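Source file: entry-v3.txt; contents: compact mmCIF, C-alpha atoms.
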```txt
# COMPACT_ATOMS: atom_id res chain seq x y z
CA MET X 1 18.22 2.30 9.74
CA ILE X 2 17.67 -1.45 9.29
CA LEU X 3 20.54 -1.67 6.81
CA THR X 4 22.74 0.19 9.33
CA ALA X 5 21.78 -2.34 12.02
CA LEU X 6 22.99 -5.13 9.72
CA ALA X 7 26.24 -3.40 8.72
CA ASN X 8 28.18 -5.02 11.59
CA GLY X 9 27.06 -8.53 10.72
CA SER X 10 23.93 -10.66 10.81
CA GLN X 11 21.16 -9.86 13.31
CA HIS X 12 17.81 -11.36 14.25
CA GLY X 13 14.54 -9.38 14.37
CA TYR X 14 14.63 -8.33 18.01
CA GLY X 15 18.36 -7.57 17.68
CA ILE X 16 17.57 -5.13 14.85
CA ILE X 17 14.93 -3.37 16.98
CA THR X 18 17.30 -2.89 19.94
CA ASP X 19 20.17 -1.87 17.65
CA VAL X 20 18.07 0.74 15.81
CA ARG X 21 16.93 2.15 19.17
CA GLU X 22 20.54 2.36 20.33
CA VAL X 23 21.92 3.92 17.13
CA SER X 24 19.15 6.54 17.07
CA GLY X 25 19.70 7.41 20.74
CA GLY X 26 16.22 6.09 21.63
CA ARG X 27 14.40 8.28 19.09
CA VAL X 28 13.43 5.49 16.66
CA ARG X 29 11.45 2.65 18.18
CA LEU X 30 10.67 0.08 15.50
CA ARG X 31 7.58 -2.03 16.04
CA ALA X 32 7.39 -5.67 14.96
CA GLY X 33 4.78 -5.06 12.22
CA THR X 34 6.75 -2.22 10.63
CA LEU X 35 10.03 -4.15 10.92
CA TYR X 36 8.77 -7.27 9.13
CA MET X 37 7.07 -5.20 6.44
CA ALA X 38 10.43 -3.49 5.79
CA LEU X 39 12.40 -6.76 5.97
CA ASP X 40 10.06 -8.33 3.41
CA ARG X 41 10.59 -5.41 1.03
CA LEU X 42 14.38 -5.43 1.53
CA ARG X 43 14.43 -9.17 0.81
CA ALA X 44 12.33 -8.70 -2.34
CA ASP X 45 14.75 -5.97 -3.48
CA GLU X 46 17.65 -8.35 -2.74
CA LEU X 47 19.31 -5.91 -0.34
CA ILE X 48 19.27 -8.46 2.52
CA VAL X 49 19.08 -12.27 2.74
CA VAL X 50 18.41 -14.79 5.50
CA ASP X 51 21.78 -15.79 6.96
CA ARG X 52 20.69 -18.66 9.24
CA GLU X 53 17.90 -19.84 11.51
CA GLU X 54 18.10 -20.88 15.14
CA VAL X 55 15.60 -22.08 17.71
CA VAL X 56 16.13 -20.39 21.09
CA ASP X 57 13.80 -21.32 24.02
CA GLY X 58 11.46 -23.00 21.57
CA ARG X 59 11.16 -19.85 19.44
CA LEU X 60 12.38 -19.30 15.90
CA ARG X 61 15.16 -16.78 15.35
CA ARG X 62 16.01 -15.86 11.79
CA TYR X 63 19.24 -13.95 11.21
CA TYR X 64 19.49 -11.50 8.32
CA ARG X 65 22.58 -10.10 6.63
CA LEU X 66 23.36 -7.51 3.95
CA THR X 67 23.91 -8.62 0.36
CA PRO X 68 26.65 -6.86 -1.65
CA ALA X 69 23.86 -4.74 -3.22
CA GLY X 70 22.56 -3.89 0.28
CA ALA X 71 26.04 -2.88 1.47
CA LYS X 72 26.45 -0.68 -1.61
CA ARG X 73 23.06 0.96 -1.07
CA LEU X 74 23.96 1.70 2.56
CA ALA X 75 27.38 3.08 1.58
CA ASP X 76 25.82 5.31 -1.11
CA GLU X 77 23.19 6.59 1.31
CA ALA X 78 25.79 7.24 4.03
CA ALA X 79 28.01 9.15 1.56
CA ARG X 80 25.03 11.25 0.44
CA LEU X 81 24.11 12.12 4.06
CA GLN X 82 27.74 12.90 4.85
CA ALA X 83 27.95 15.28 1.89
CA HIS X 84 24.76 17.04 3.05
CA ALA X 85 26.02 17.32 6.62
CA ALA X 86 29.41 18.63 5.44
CA ALA X 87 27.73 21.27 3.27
CA ALA X 88 25.49 22.35 6.16
CA LEU X 89 28.45 22.61 8.58
CA ARG X 90 30.55 24.52 6.04
CA ARG X 91 27.77 27.09 5.54
CA LEU X 92 27.13 27.40 9.29
CA ASN X 93 30.83 28.03 9.91
CA LEU X 94 30.80 30.63 7.16
CA ALA X 95 27.73 32.34 8.66
CA GLY X 96 29.33 32.20 12.12
CA GLY X 97 32.53 33.70 10.75
CA MET X 98 30.64 36.58 9.17
CA ALA X 99 28.65 37.25 12.34
CA THR X 100 31.73 37.60 14.54
CA MET L 101 -3.91 -19.43 31.69
CA THR L 102 -0.83 -17.36 32.56
CA ASP L 103 -0.42 -13.72 31.55
CA ARG L 104 2.11 -14.68 28.88
CA GLU L 105 -0.14 -17.33 27.37
CA HIS L 106 -3.03 -14.87 27.36
CA LEU L 107 -0.89 -12.26 25.62
CA GLU L 108 0.49 -14.74 23.09
CA ARG L 109 -3.02 -15.78 22.13
CA ALA L 110 -3.98 -12.11 21.62
CA TYR L 111 -0.91 -11.59 19.39
CA ARG L 112 -1.79 -14.70 17.35
CA ARG L 113 -5.24 -13.25 16.75
CA LEU L 114 -3.68 -9.99 15.52
CA LEU L 115 -1.37 -11.91 13.15
CA ALA L 116 -4.52 -13.14 11.37
CA TRP L 117 -4.52 -9.73 9.60
CA TYR L 118 -1.52 -10.92 7.55
CA PRO L 119 -1.89 -13.05 4.41
CA ARG L 120 -1.69 -16.76 5.20
CA ALA L 121 1.44 -17.34 3.11
CA PHE L 122 3.31 -14.53 4.86
CA ARG L 123 2.06 -15.69 8.27
CA ARG L 124 3.22 -19.24 7.63
CA GLU L 125 6.72 -18.07 6.78
CA ASN L 126 7.18 -15.21 9.26
CA GLY L 127 4.47 -15.69 11.93
CA PRO L 128 6.55 -17.64 14.49
CA GLU L 129 9.42 -15.18 14.10
CA ILE L 130 7.21 -12.08 14.51
CA LEU L 131 5.60 -13.71 17.55
CA ALA L 132 9.06 -14.32 19.04
CA VAL L 133 9.95 -10.63 18.57
CA LEU L 134 6.63 -9.51 20.09
CA MET L 135 7.05 -11.82 23.10
CA ALA L 136 10.64 -10.66 23.64
CA ASP L 137 9.38 -7.12 24.24
CA VAL L 138 6.78 -7.92 26.92
CA LEU L 139 6.50 -5.96 30.16
CA ASP L 140 6.01 -7.76 33.49
CA GLY L 141 2.35 -8.57 34.10
CA GLN L 142 1.29 -7.46 30.60
CA ARG L 143 -1.81 -9.39 29.51
CA ARG L 144 -2.90 -7.45 26.43
CA PRO L 145 -1.10 -6.06 23.38
CA GLY L 146 -0.58 -2.28 23.57
CA LEU L 147 -2.76 -0.06 21.39
CA ALA L 148 0.15 1.20 19.27
CA GLN L 149 1.53 -2.33 18.83
CA SER L 150 -1.92 -3.64 17.77
CA ALA L 151 -2.47 -0.76 15.33
CA ASP L 152 0.99 -1.38 13.83
CA LEU L 153 0.27 -5.10 13.31
CA ILE L 154 -3.15 -4.43 11.73
CA ARG L 155 -1.73 -1.72 9.45
CA SER L 156 1.20 -3.88 8.32
CA GLY L 157 -1.03 -6.94 7.89
CA LEU L 158 -3.46 -5.04 5.68
CA TRP L 159 -0.59 -3.55 3.68
CA MET L 160 0.90 -7.00 3.10
CA ARG L 161 -2.47 -8.15 1.76
CA LEU L 162 -2.97 -5.17 -0.56
CA ARG L 163 0.55 -4.30 -1.72
CA PRO L 164 1.67 -5.15 -5.23
CA SER L 165 4.28 -7.94 -5.34
CA VAL L 166 6.30 -6.43 -8.17
CA PRO L 167 10.06 -6.90 -7.80
CA ALA L 168 12.31 -3.85 -7.96
CA SER L 169 13.73 -5.11 -11.26
CA ALA L 170 10.36 -4.57 -12.99
CA ARG L 171 10.44 -0.79 -12.52
CA THR L 172 8.01 0.10 -15.29
CA VAL L 173 5.34 -2.28 -13.95
CA ARG L 174 5.87 -0.91 -10.44
CA ALA L 175 5.34 2.63 -11.72
CA ALA L 176 2.21 1.55 -13.62
CA VAL L 177 0.76 -0.09 -10.49
CA ARG L 178 1.48 3.07 -8.48
CA LEU L 179 -0.30 5.14 -11.14
CA MET L 180 -3.29 2.83 -10.84
CA TYR L 181 -3.40 3.46 -7.09
CA ALA L 182 -3.23 7.18 -7.90
CA GLY L 183 -6.21 6.63 -10.23
CA ALA L 184 -8.08 4.99 -7.34
CA ALA L 185 -7.25 7.99 -5.14
CA ILE L 186 -8.59 10.43 -7.76
CA SER L 187 -11.78 8.37 -8.08
CA THR L 188 -12.11 8.42 -4.28
CA VAL L 189 -11.93 12.23 -4.33
CA ASN L 190 -14.67 12.12 -6.95
CA LEU L 191 -16.75 9.85 -4.70
CA ILE L 192 -16.32 12.23 -1.76
CA LEU L 193 -17.41 15.16 -3.95
CA VAL L 194 -20.48 13.21 -5.07
CA LEU L 195 -21.41 12.48 -1.44
CA ALA L 196 -20.79 16.07 -0.34
CA VAL L 197 -22.74 17.64 -3.18
CA THR L 198 -25.66 15.22 -2.92
CA ALA L 199 -25.97 15.86 0.81
CA ASP L 200 -25.55 19.58 0.20
CA ALA L 201 -28.26 19.74 -2.46
CA LYS L 202 -30.70 17.84 -0.24
CA VAL L 203 -30.00 20.08 2.74
CA TYR L 204 -30.28 23.23 0.58
CA HIS L 205 -33.71 22.32 -0.68
CA THR L 206 -34.99 21.12 2.71
CA VAL L 207 -33.64 23.93 4.91
CA LEU L 208 -34.51 26.82 2.62
CA GLY L 209 -38.04 25.51 2.20
CA HIS L 210 -37.75 24.69 -1.47
CA ARG L 211 -40.47 22.11 -1.62
CA LEU L 212 -39.52 20.15 -4.67
CA THR L 213 -42.26 18.59 -6.71
CA ALA L 214 -41.74 14.96 -7.66
CA ALA L 215 -40.98 16.08 -11.21
CA GLN L 216 -38.30 18.58 -10.07
CA ALA L 217 -36.71 15.98 -7.81
CA ARG L 218 -36.59 13.57 -10.71
CA GLU L 219 -35.07 16.21 -12.93
CA LEU L 220 -32.34 16.93 -10.38
CA ASN L 221 -32.00 13.20 -9.79
CA LEU L 222 -32.48 13.74 -6.06
CA THR L 223 -34.78 10.76 -5.64
CA THR L 224 -33.46 7.94 -3.43
CA LEU L 225 -32.93 5.77 -6.49
CA GLY L 226 -31.13 8.56 -8.34
CA ILE L 227 -28.78 9.18 -5.40
CA THR L 228 -28.11 5.46 -4.98
CA VAL L 229 -27.24 5.10 -8.66
CA LEU L 230 -24.99 8.15 -8.42
CA ILE L 231 -23.07 6.78 -5.44
CA VAL L 232 -22.73 3.29 -6.91
CA ALA L 233 -21.59 4.81 -10.21
CA ALA L 234 -18.90 6.74 -8.32
CA LEU L 235 -17.86 3.62 -6.35
CA ILE L 236 -17.34 1.45 -9.45
CA PRO L 237 -14.27 3.32 -10.77
CA VAL L 238 -12.60 3.17 -7.32
CA ALA L 239 -13.14 -0.60 -7.22
CA LEU L 240 -11.97 -1.04 -10.84
CA TRP L 241 -8.74 0.90 -10.31
CA LEU L 242 -7.90 -1.08 -7.15
CA TRP L 243 -8.70 -4.39 -8.81
CA MET L 244 -6.59 -3.57 -11.86
CA ALA L 245 -3.66 -2.45 -9.68
CA TRP L 246 -3.89 -5.66 -7.65
CA LYS L 247 -4.07 -8.03 -10.64
CA THR L 248 -1.40 -6.16 -12.62
CA GLY L 249 0.85 -6.33 -9.55
CA GLN L 250 0.38 -10.09 -9.55
CA GLY L 251 1.66 -10.28 -13.13
CA ARG L 252 -1.66 -11.27 -14.75
CA ASN L 253 -1.28 -10.70 -18.46
CA TRP L 254 -5.04 -10.46 -19.00
CA ALA L 255 -5.14 -7.52 -16.56
CA ARG L 256 -2.95 -5.56 -18.98
CA GLY L 257 -5.38 -6.14 -21.85
CA LEU L 258 -8.45 -5.54 -19.72
CA PHE L 259 -7.05 -2.26 -18.41
CA LEU L 260 -6.50 -0.99 -21.94
CA GLY L 261 -10.02 -2.16 -22.86
CA LEU L 262 -11.56 -0.36 -19.88
CA LEU L 263 -9.71 2.83 -20.73
CA VAL L 264 -10.96 2.73 -24.34
CA LEU L 265 -14.45 1.92 -23.08
CA SER L 266 -14.38 4.89 -20.73
CA ALA L 267 -14.00 7.14 -23.77
CA GLN L 268 -17.53 6.04 -24.72
CA HIS L 269 -18.89 5.80 -21.22
CA PRO L 270 -17.70 7.63 -18.10
CA VAL L 271 -16.61 4.48 -16.26
CA PHE L 272 -13.31 5.89 -15.06
CA GLY L 273 -14.43 8.82 -12.99
CA ALA L 274 -16.19 11.33 -15.22
CA VAL L 275 -19.56 10.28 -13.77
CA ALA L 276 -20.05 13.07 -11.28
CA THR L 277 -19.29 16.00 -13.53
CA GLU L 278 -21.86 15.02 -16.10
CA HIS L 279 -24.55 14.67 -13.49
CA PRO L 280 -27.36 17.25 -13.32
CA VAL L 281 -26.75 17.89 -9.59
CA PHE L 282 -23.32 19.32 -10.34
CA GLY L 283 -24.66 21.48 -13.12
CA VAL L 284 -27.35 22.82 -10.82
CA LEU L 285 -24.86 23.56 -8.07
CA GLY L 286 -22.49 25.23 -10.46
CA THR L 287 -25.06 27.60 -11.92
CA ALA L 288 -27.16 28.21 -8.83
CA GLY L 289 -24.03 29.13 -6.89
CA ILE L 290 -24.69 26.95 -3.85
CA ARG L 291 -21.44 26.46 -1.90
CA GLU L 292 -19.38 27.32 -4.93
CA GLY L 293 -16.29 27.09 -2.74
CA LEU L 294 -16.92 23.42 -2.04
CA VAL L 295 -17.49 22.09 -5.52
CA PRO L 296 -16.86 24.82 -8.01
CA VAL L 297 -17.37 24.22 -11.69
CA VAL L 298 -13.60 24.16 -12.08
CA PHE L 299 -13.64 20.68 -10.54
CA GLY L 300 -15.61 19.56 -13.56
CA PRO L 301 -12.87 18.96 -16.12
CA ILE L 302 -10.02 18.38 -13.64
CA ILE L 303 -11.04 14.95 -12.39
CA PRO L 304 -11.76 13.30 -15.77
CA VAL L 305 -8.64 14.85 -17.32
CA LEU L 306 -6.42 13.72 -14.44
CA THR L 307 -7.97 10.24 -14.56
CA TRP L 308 -7.33 10.01 -18.28
CA LEU L 309 -3.72 11.17 -18.00
CA VAL L 310 -3.03 8.64 -15.25
CA GLY L 311 -4.72 5.87 -17.24
CA ILE L 312 -2.84 6.61 -20.46
CA ALA L 313 0.50 6.83 -18.64
CA ALA L 314 -0.15 3.46 -16.97
CA VAL L 315 -1.06 1.83 -20.31
CA LEU L 316 2.10 3.21 -21.96
CA LEU L 317 4.27 1.90 -19.11
CA LEU L 318 2.67 -1.54 -19.32
CA GLU L 319 3.20 -1.72 -23.08
CA LEU L 320 6.94 -1.03 -22.81
CA ARG L 321 9.26 -3.90 -23.66
CA ALA L 322 10.72 -3.78 -20.15
CA SER L 323 7.27 -4.56 -18.73
CA GLY L 324 6.76 -7.50 -21.10
CA ALA L 325 9.23 -9.74 -19.25
CA PHE L 326 7.28 -9.45 -16.00
CA PHE L 327 4.08 -10.69 -17.66
CA LYS L 328 5.64 -13.71 -19.41
CA SER L 329 4.97 -17.08 -17.83
CA PRO L 330 8.10 -18.85 -16.46
CA GLY L 331 7.74 -21.49 -19.20
CA ASP L 332 8.39 -19.14 -22.11
CA GLY L 333 10.84 -16.79 -20.42
CA GLY L 334 13.45 -15.74 -22.94
CA PRO L 335 17.07 -14.88 -22.21
CA ALA L 336 15.96 -11.34 -21.36
CA LEU L 337 14.30 -12.63 -18.21
CA HIS L 338 16.74 -12.29 -15.37
CA GLN L 339 17.17 -15.32 -13.14
CA ALA L 340 16.33 -13.42 -9.95
CA GLN L 341 13.18 -12.19 -11.59
CA MET L 342 12.22 -15.80 -12.38
CA VAL L 343 12.61 -16.73 -8.71
CA GLU L 344 10.56 -13.72 -7.69
CA LEU L 345 7.87 -14.63 -10.23
CA ALA L 346 7.68 -18.17 -8.86
CA ARG L 347 7.30 -16.74 -5.35
CA ILE L 348 4.51 -14.40 -6.48
CA ARG L 349 2.74 -17.16 -8.39
CA SER L 350 2.89 -19.62 -5.46
CA SER L 351 1.70 -17.01 -2.98
CA SER L 352 -1.17 -15.96 -5.26
CA ALA L 353 -2.09 -19.63 -5.77
CA ARG L 354 -2.17 -20.12 -2.01
CA TRP L 355 -4.27 -17.01 -1.67
CA THR L 356 -6.73 -18.28 -4.30
CA ARG L 357 -7.08 -21.56 -2.41
CA GLN L 358 -7.69 -19.61 0.75
CA VAL L 359 -10.65 -17.76 -0.78
```
Represent the structure of the file as structure tokens.
Amino acid sequence: MILTALANGSQHGYGIITDVREVSGGRVRLRAGTLYMALDRLRADELIVVDREEVVDGRLRRYYRLTPAGAKRLADEAARLQAHAAAALRRLNLAGGMAT
Amino acid sequence: MTDREHLERAYRRLLAWYPRAFRRENGPEILAVLMADVLDGQRRPGLAQSADLIRSGLWMRLRPSVPASARTVRAAVRLMYAGAAISTVNLILVLAVTADAKVYHTVLGHRLTAAQARELNLTTLGITVLIVAALIPVALWLWMAWKTGQGRNWARGLFLGLLVLSAQHPVFGAVATEHPVFGVLGTAGIREGLVPVVFGPIIPVLTWLVGIAAVLLLELRASGAFFKSPGDGGPALHQAQMVELARIRSSSARWTRQV
């Protein structure tokens, strides 16, 4: 979900939280502790990097962006989910066709 | 003090659960995110938000800092945590069976003579020794996982040494099964469903398998690079791994200063 939030370009922490909430239709509500634990792991795995830092209203904002490895991981994961979804839909259509 | 200042102070206190190095680098940013999500008139952090910060802070303190590139070391550290989990199960069994044996003899009016109690090792001293003996392997597994995760080369040697030693002495979790209390419970048939005799060999065997697998992983050539100091890193050591190693070493040095 975090990688998806960064697919459009760099985002800061709070931006990722609101984006994830939006993309998931309000189902996933990331909390700050969980988010920074995940960001730290993604940085260690070199899937994201810090893009830039800004100070807004006296508070630090750090923007993160995907690395090429992060973009590849997201693309692979998306393709895998798409294949699963396609298989599920194909079978449901088949079952529906047999029922009617 | 305004509501916001009050809340910010409470959040700062919660951030103390994180390691100092992590807090120094990410604290202001996390605080900014927390303060951006504040409701009007809120003076205290929510329960879920507090629990999340404490959980993440503790995890950041305990987690192994092994980069993804050192896969074999990562797997070995995970196995060591599995070893700690198995030893914890052993500890729980020891506590359950000890309590059970005491209750059995008290409730059913089996007045034990001092000699019988000694034989069953149900004296206070015997029980204390039993519990401490079951706690030691849990602590050893966690300590080894932590130090191996930090890339300490001596931890690799010590782990192998401890495993060999445990063949002579049941340091790594075989304590409970060799204890008279378990034998008594097994044969007398008290609560056989709780701690049947079948538990006897399972825990030591599982512990051994996990230990041997971790040693083998740590001895692989791929693991060797992670344990080399940056000074003698050969061409096999990837540059990113060097950077990661420096980060781990500096954070562990800061941590050492802190304690």
Using only C-alpha atoms, select each residue of chain X with any atom at most 6 Å away from an atom of chain L, and give the selection as an NGL selection string. :X and (14 or 33 or 45 or 59-60)
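With only C-alpha atoms as the atoms that count, the residue of X:Ala44, X:Ala7, X:Ala32, X:Leu89 with the shortest distance to Pro68 of chain X is X:Ala7.
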Interatomic distance between atom CA of Gly261 of chain L and atom CA of Ser187 of chain L? 18.2 Å
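Note that the spacing between atom CA of Leu262 of chain L and atom CA of Leu195 of chain L amounts to 24.5 Å.
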Tell me, in Å to one decimal, how far atom CA of Gly15 of chain X is from atom CA of Leu30 of chain X. 11.1 Å
For Ala75 of chain X, work out the shell of residues within 10 Å, counting only C-alpha atoms and skipping chain neighbours fewer than 6 positions away, then give it as a PyMOL selection string. chain X and resi 3-4+7+69+81
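Distances from X:Met37, X:Ala83, X:Gly70, X:Ile16 to Val49 of chain X were compared using only C-alpha atoms, and the smallest one belongs to X:Gly70.
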